[in-house]
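Structure file query.cif (mmCIF, C-alpha atoms and all ligand atoms) is printed below.
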```cif
data_protein
#
loop_
_atom_site.group_PDB
_atom_site.id
_atom_site.type_symbol
_atom_site.label_atom_id
_atom_site.label_comp_id
_atom_site.auth_asym_id
_atom_site.auth_seq_id
_atom_site.Cartn_x
_atom_site.Cartn_y
_atom_site.Cartn_z
ATOM 1 C CA MET A 1442 16.409 -13.689 1.283
ATOM 2 C CA VAL A 1443 14.352 -15.441 3.896
ATOM 3 C CA GLY A 1444 11.886 -13.294 5.774
ATOM 4 C CA LYS A 1445 8.228 -12.767 6.338
ATOM 5 C CA ASN A 1446 7.643 -12.469 2.628
ATOM 6 C CA ASP A 1447 9.360 -15.738 1.878
ATOM 7 C CA CYS A 1448 6.531 -18.109 1.011
ATOM 8 C CA GLY A 1449 8.277 -20.867 2.893
ATOM 9 C CA GLN A 1450 8.313 -23.261 -0.045
ATOM 10 C CA THR A 1451 11.473 -24.811 -1.386
ATOM 11 C CA GLY A 1452 12.527 -26.690 -4.473
ATOM 12 C CA HIS A 1453 11.214 -26.527 -8.003
ATOM 13 C CA PRO A 1454 12.337 -28.550 -10.965
ATOM 14 C CA ALA A 1455 14.474 -26.679 -13.450
ATOM 15 C CA LYS A 1456 12.395 -24.986 -16.141
ATOM 16 C CA PRO A 1457 14.099 -25.517 -19.509
ATOM 17 C CA ARG A 1458 14.652 -22.167 -21.182
ATOM 18 C CA GLU A 1459 14.977 -21.398 -24.836
ATOM 19 C CA GLU A 1460 18.315 -19.773 -25.711
ATOM 20 C CA ASP A 1461 18.048 -16.005 -25.759
ATOM 21 C CA GLY A 1462 19.476 -13.780 -28.469
ATOM 22 C CA ARG A 1463 18.007 -12.431 -31.678
ATOM 23 C CA GLY A 1464 16.841 -15.777 -33.108
ATOM 24 C CA GLY A 1465 15.184 -16.757 -29.834
ATOM 25 C CA ARG A 1466 13.466 -13.398 -29.471
ATOM 26 C CA ARG A 1467 12.209 -13.447 -33.065
ATOM 27 C CA ALA A 1468 10.871 -16.985 -32.644
ATOM 28 C CA ARG A 1469 9.209 -16.040 -29.373
ATOM 29 C CA PHE A 1470 7.564 -12.991 -30.928
ATOM 30 C CA LYS A 1471 6.199 -15.120 -33.769
ATOM 31 C CA THR A 1472 4.788 -17.583 -31.256
ATOM 32 C CA PHE A 1473 3.271 -14.687 -29.329
ATOM 33 C CA GLN A 1474 1.655 -13.296 -32.494
ATOM 34 C CA GLY A 1475 0.289 -16.741 -33.363
ATOM 35 C CA ASN A 1476 -1.120 -17.215 -29.880
ATOM 36 C CA ILE A 1477 -2.803 -13.807 -29.939
ATOM 37 C CA ALA A 1478 -4.209 -14.395 -33.435
ATOM 38 C CA SER A 1479 -5.661 -17.737 -32.335
ATOM 39 C CA THR A 1480 -7.760 -15.979 -29.689
ATOM 40 C CA GLY A 1481 -9.474 -13.861 -32.349
ATOM 41 C CA LEU A 1482 -9.045 -10.870 -30.038
ATOM 42 C CA GLY A 1483 -5.968 -9.366 -31.643
ATOM 43 C CA ASP A 1484 -7.719 -6.014 -32.073
ATOM 44 C CA ARG A 1485 -7.735 -5.656 -28.279
ATOM 45 C CA VAL A 1486 -3.986 -6.227 -27.931
ATOM 46 C CA ARG A 1487 -1.433 -3.458 -28.085
ATOM 47 C CA VAL A 1488 2.227 -4.464 -28.291
ATOM 48 C CA LEU A 1489 4.968 -2.074 -27.163
ATOM 49 C CA ARG A 1490 8.282 -3.332 -28.549
ATOM 50 C CA GLU A 1491 10.380 -1.626 -25.909
ATOM 51 C CA PHE A 1492 12.240 -2.492 -22.783
ATOM 52 C CA SER A 1493 9.866 -2.523 -19.864
ATOM 53 C CA MET A 1494 10.976 0.742 -18.305
ATOM 54 C CA PRO A 1495 10.406 3.127 -21.260
ATOM 55 C CA ALA A 1496 7.178 1.268 -22.077
ATOM 56 C CA LEU A 1497 5.901 1.653 -18.529
ATOM 57 C CA VAL A 1498 6.825 5.350 -18.457
ATOM 58 C CA GLN A 1499 4.946 5.841 -21.745
ATOM 59 C CA LEU A 1500 1.863 4.093 -20.378
ATOM 60 C CA MET A 1501 2.004 6.096 -17.174
ATOM 61 C CA LYS A 1502 2.070 9.356 -19.122
ATOM 62 C CA GLU A 1503 -0.893 8.185 -21.202
ATOM 63 C CA MET A 1504 -2.852 7.391 -18.046
ATOM 64 C CA GLU A 1505 -2.340 10.738 -16.365
ATOM 65 C CA GLY A 1506 -5.672 12.508 -16.031
ATOM 66 C CA GLN A 1507 -7.567 9.528 -17.489
ATOM 67 C CA SER A 1508 -9.161 8.065 -14.391
ATOM 68 C CA ALA A 1509 -10.875 5.248 -16.325
ATOM 69 C CA LEU A 1510 -7.533 3.831 -17.433
ATOM 70 C CA GLY A 1511 -5.501 1.362 -15.376
ATOM 71 C CA PHE A 1512 -4.373 -2.239 -15.180
ATOM 72 C CA ASP A 1513 -6.686 -5.033 -14.019
ATOM 73 C CA PHE A 1514 -4.025 -7.720 -14.398
ATOM 74 C CA VAL A 1515 -0.229 -7.553 -14.469
ATOM 75 C CA TYR A 1516 2.171 -10.423 -15.190
ATOM 76 C CA ILE A 1517 5.831 -9.721 -14.463
ATOM 77 C CA ASP A 1518 8.121 -12.072 -16.403
ATOM 78 C CA GLY A 1519 10.802 -9.983 -18.103
ATOM 79 C CA SER A 1520 14.270 -9.450 -16.725
ATOM 80 C CA HIS A 1521 15.408 -11.787 -13.955
ATOM 81 C CA ARG A 1522 17.483 -9.117 -12.219
ATOM 82 C CA ALA A 1523 16.161 -8.233 -8.791
ATOM 83 C CA ASP A 1524 16.370 -4.479 -9.418
ATOM 84 C CA ASP A 1525 14.590 -4.725 -12.794
ATOM 85 C CA VAL A 1526 11.806 -6.796 -11.259
ATOM 86 C CA LEU A 1527 11.438 -4.262 -8.460
ATOM 87 C CA MET A 1528 11.237 -1.361 -10.933
ATOM 88 C CA ASP A 1529 8.758 -3.165 -13.198
ATOM 89 C CA ALA A 1530 6.588 -4.050 -10.217
ATOM 90 C CA GLU A 1531 6.651 -0.555 -8.749
ATOM 91 C CA MET A 1532 5.724 1.117 -12.025
ATOM 92 C CA ALA A 1533 2.997 -1.398 -12.825
ATOM 93 C CA TRP A 1534 1.651 -1.194 -9.264
ATOM 94 C CA ARG A 1535 1.107 2.527 -9.515
ATOM 95 C CA MET A 1536 -0.957 2.019 -12.663
ATOM 96 C CA ALA A 1537 -2.910 -0.946 -11.319
ATOM 97 C CA LYS A 1538 -6.510 -0.404 -10.212
ATOM 98 C CA ASN A 1539 -7.835 -1.230 -6.774
ATOM 99 C CA GLY A 1540 -8.651 -4.970 -6.927
ATOM 100 C CA ALA A 1541 -6.142 -5.684 -9.717
ATOM 101 C CA LEU A 1542 -4.199 -8.939 -9.715
ATOM 102 C CA LEU A 1543 -0.420 -8.831 -10.012
ATOM 103 C CA VAL A 1544 1.562 -11.995 -10.708
ATOM 104 C CA PHE A 1545 5.323 -12.437 -10.398
ATOM 105 C CA ASP A 1546 6.943 -15.319 -12.259
ATOM 106 C CA ASP A 1547 10.193 -17.045 -11.249
ATOM 107 C CA TYR A 1548 10.028 -16.521 -7.473
ATOM 108 C CA GLU A 1549 11.691 -19.920 -7.028
ATOM 109 C CA TRP A 1550 13.853 -19.777 -10.163
ATOM 110 C CA ASN A 1551 16.854 -22.054 -9.828
ATOM 111 C CA GLN A 1552 19.189 -20.683 -12.500
ATOM 112 C CA ALA A 1553 20.836 -18.124 -10.198
ATOM 113 C CA ARG A 1554 21.562 -17.862 -6.494
ATOM 114 C CA GLU A 1555 18.733 -16.447 -4.372
ATOM 115 C CA GLY A 1556 19.628 -13.242 -2.581
ATOM 116 C CA THR A 1557 21.825 -11.989 -5.430
ATOM 117 C CA ILE A 1558 21.097 -9.209 -7.914
ATOM 118 C CA SER A 1559 20.756 -11.911 -10.596
ATOM 119 C CA HIS A 1560 17.704 -13.529 -9.015
ATOM 120 C CA PRO A 1561 14.151 -12.078 -9.133
ATOM 121 C CA LYS A 1562 13.257 -13.105 -5.586
ATOM 122 C CA GLY A 1563 15.103 -10.229 -3.888
ATOM 123 C CA GLY A 1564 13.165 -7.721 -5.991
ATOM 124 C CA ILE A 1565 9.852 -9.421 -5.322
ATOM 125 C CA ASP A 1566 10.508 -9.588 -1.565
ATOM 126 C CA ALA A 1567 11.584 -5.928 -1.507
ATOM 127 C CA PHE A 1568 8.383 -4.914 -3.315
ATOM 128 C CA LEU A 1569 6.218 -6.970 -0.939
ATOM 129 C CA THR A 1570 7.925 -5.430 2.083
ATOM 130 C CA VAL A 1571 7.547 -1.832 0.889
ATOM 131 C CA HIS A 1572 3.868 -2.349 0.038
ATOM 132 C CA ASP A 1573 2.994 -4.414 3.100
ATOM 133 C CA GLY A 1574 -0.663 -3.829 4.023
ATOM 134 C CA GLU A 1575 -1.646 -2.767 0.504
ATOM 135 C CA TYR A 1576 -2.309 -6.233 -0.917
ATOM 136 C CA ALA A 1577 -3.654 -9.692 -0.130
ATOM 137 C CA VAL A 1578 -1.566 -12.717 -1.058
ATOM 138 C CA ILE A 1579 -3.637 -14.985 -3.288
ATOM 139 C CA SER A 1580 -0.996 -17.656 -3.879
ATOM 140 C CA CYS A 1581 2.686 -18.120 -3.333
ATOM 141 C CA GLY A 1582 4.950 -20.649 -5.025
ATOM 142 C CA TYR A 1583 6.962 -20.566 -8.231
ATOM 143 C CA GLN A 1584 4.618 -17.693 -9.050
ATOM 144 C CA VAL A 1585 3.380 -15.169 -6.516
ATOM 145 C CA MET A 1586 -0.067 -13.669 -7.009
ATOM 146 C CA ILE A 1587 -1.318 -10.684 -5.029
ATOM 147 C CA LYS A 1588 -4.496 -8.621 -5.110
ATOM 148 C CA LYS A 1589 -4.211 -4.866 -4.798
ATOM 149 C CA LEU A 1590 -6.221 -3.284 -1.998
ATOM 150 C CA VAL A 1591 -5.435 0.382 -2.668
ATOM 151 C CA GLY A 1592 -6.027 2.742 -5.579
ATOM 152 C CA GLN A 1593 -3.766 4.108 -8.283
ATOM 153 C CA ARG A 1594 -1.067 6.621 -7.488
ATOM 154 C CA LEU A 1595 0.786 7.640 -10.618
ATOM 155 C CA GLY A 1596 2.837 10.308 -8.896
ATOM 156 C CA LEU A 1597 3.723 12.177 -12.065
ATOM 157 C CA SER A 1598 2.677 15.626 -10.961
ATOM 158 C CA PHE A 1599 2.368 17.747 -7.830
ATOM 159 C CA ALA A 1600 -1.389 17.896 -8.399
ATOM 160 C CA SER A 1601 -1.741 14.146 -7.942
ATOM 161 C CA ALA A 1602 0.729 14.162 -5.028
ATOM 162 C CA ASP A 1603 -1.316 16.878 -3.275
ATOM 163 C CA SER A 1604 -4.532 14.915 -3.680
ATOM 164 C CA GLN A 1605 -2.893 12.064 -1.733
ATOM 165 C CA LEU A 1606 -2.253 14.367 1.217
ATOM 166 C CA SER A 1607 -5.796 15.642 1.641
HETATM 167 C C1 LIG A 1701 11.692 -15.035 -18.819
HETATM 168 S S1 LIG A 1701 11.369 -14.666 -20.528
HETATM 169 C C2 LIG A 1701 9.656 -14.853 -20.531
HETATM 170 C C3 LIG A 1701 9.020 -14.716 -21.847
HETATM 171 C C4 LIG A 1701 7.539 -15.085 -21.915
HETATM 172 N N1 LIG A 1701 6.777 -14.517 -20.823
HETATM 173 C C5 LIG A 1701 7.406 -16.585 -21.953
HETATM 174 O O1 LIG A 1701 7.048 -17.205 -20.948
HETATM 175 O O2 LIG A 1701 7.691 -17.137 -23.009
HETATM 176 C C6 LIG A 1701 11.713 -12.992 -20.486
HETATM 177 C C7 LIG A 1701 11.587 -12.231 -21.794
HETATM 178 O O3 LIG A 1701 11.589 -10.851 -21.495
HETATM 179 C C8 LIG A 1701 12.599 -10.192 -22.230
HETATM 180 N N2 LIG A 1701 13.129 -9.151 -21.337
HETATM 181 C C9 LIG A 1701 14.113 -9.220 -20.435
HETATM 182 N N3 LIG A 1701 14.280 -8.056 -19.787
HETATM 183 C C10 LIG A 1701 13.345 -7.219 -20.284
HETATM 184 C C11 LIG A 1701 12.998 -5.872 -20.015
HETATM 185 N N4 LIG A 1701 13.623 -5.144 -19.093
HETATM 186 N N5 LIG A 1701 12.000 -5.338 -20.736
HETATM 187 C C12 LIG A 1701 11.327 -6.044 -21.645
HETATM 188 N N6 LIG A 1701 11.588 -7.333 -21.930
HETATM 189 C C13 LIG A 1701 12.597 -7.902 -21.256
HETATM 190 C C14 LIG A 1701 13.611 -11.241 -22.597
HETATM 191 O O4 LIG A 1701 14.274 -10.917 -23.795
HETATM 192 C C15 LIG A 1701 12.723 -12.452 -22.767
HETATM 193 O O5 LIG A 1701 12.177 -12.485 -24.067
#
```
Let me see the structure of the file written as structure tokens.
Ligand SMILES: C[S@@+](CC[C@H](N)C(=O)[O-])C[C@H]1O[C@@H](n2cnc3c(N)ncnc32)[C@H](O)[C@@H]1O
Amino acid sequence: MVGKNDCGQTGHPAKPREEDGRGGRRARFKTFQGNIASTGLGDRVRVLREFSMPALVQLMKEMEGQSALGFDFVYIDGSHRADDVLMDAEMAWRMAKNGALLVFDDYEWNQAREGTISHPKGGIDAFLTVHDGEYAVISCGYQVMIKKLVGQRLGLSFASADSQLS
């Protein structure tokens, strides 16, 4: 998709990817645990071993009525499908605080054709179009970073929906 949200940059060398599957996932999780342990801040990290959608729904329910809770930073680098990226972004966006940074990986991924359901870019562009005016673009390239300029809107109950109307 080429449009106003296309960052206008082309070409990126192929990023070698580890094979997926059980072995790859287990190895990646071990690396993740090692990296977290090496920071010495493991007690501040909470891991949800779920697909993104149920995990995000769980977090959204936990945040309801807890105005101090919300994301300051979001990094989207899970599924490469455009629709999954769009869903992950939309859910995370609602839970992000005003001023939060949101980063999309793989905007210029070259392992699938742009504009297809198999490429993240369509989902990222769709998200940026729907939320036009609600963010500032900080950087745009293989990764896209935006800063949120509006507050949270969980949208889980009529009470919170009503407060948006007044
Ligand atoms: C592109 S890799 C990135 C992994 C990690 N950020 C890194 O750079 O090493 C995507 C990872 O997300 C997992 N994944 C894919 N779709 C997912 C989803 N819907 N929810 C949660 N994880 C997902 C994949 O199994 C894979 O481990």
Run through the PyMOL selection byres (((not hetatm)) within 6 of (chain A and resi 1701)) on the given coordinates and return the selected residues as an MDAnalysis selection string.
chainID A and resid 1466 1492:1493 1518:1520
Can you list, as a PyMOL selection string, the residues that the PyMOL selection byres (((chain A and resi 1571-1581) around 9) and not hetatm) selects here?
chain A and resi 1447-1450+1540+1542+1548+1566-1570+1582-1591
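Going from atom CA of A:Phe1470 over to atom CA of A:Lys1538, you cover 28.0 Å.
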Name the residues that the PyMOL selection byres (((chain A and resi 1503-1516) around 7) and not hetatm) picks from the file above, as a list in words, using the file's chain letters and numbers.
Gln1499, Leu1500, Met1501, Lys1502, Ile1517, Asp1518, Met1536, Ala1537, Lys1538, Ala1541, Leu1542, Leu1543, Val1544 and Phe1545 of chain A
So which residues fall inside 12 Å of (18.3, -14.6, -8.0) if we count all atoms listed in the file? Mind giving them as a VMD selection string?
chain A and resid 1442 1520 to 1526 1547 to 1566
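Atom CA of A:Met1532 sits 8.2 Å away from atom CA of A:Met1494.
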I'd like the interatomic distance between atom CA of A:Pro1495 and atom CA of A:Asp1529, to a tenth of an Å.
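It comes out at 10.4 Å.
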Centre and size of axis-aligned box enclosing stretch 1561-1565 of chain A plus 8 Å each side, as lines of an AutoDock Vina configuration file:
```
center_x = 12.5
center_y = -10.4
center_z = -6.5
size_x = 21.3
size_y = 21.4
size_z = 21.2
```
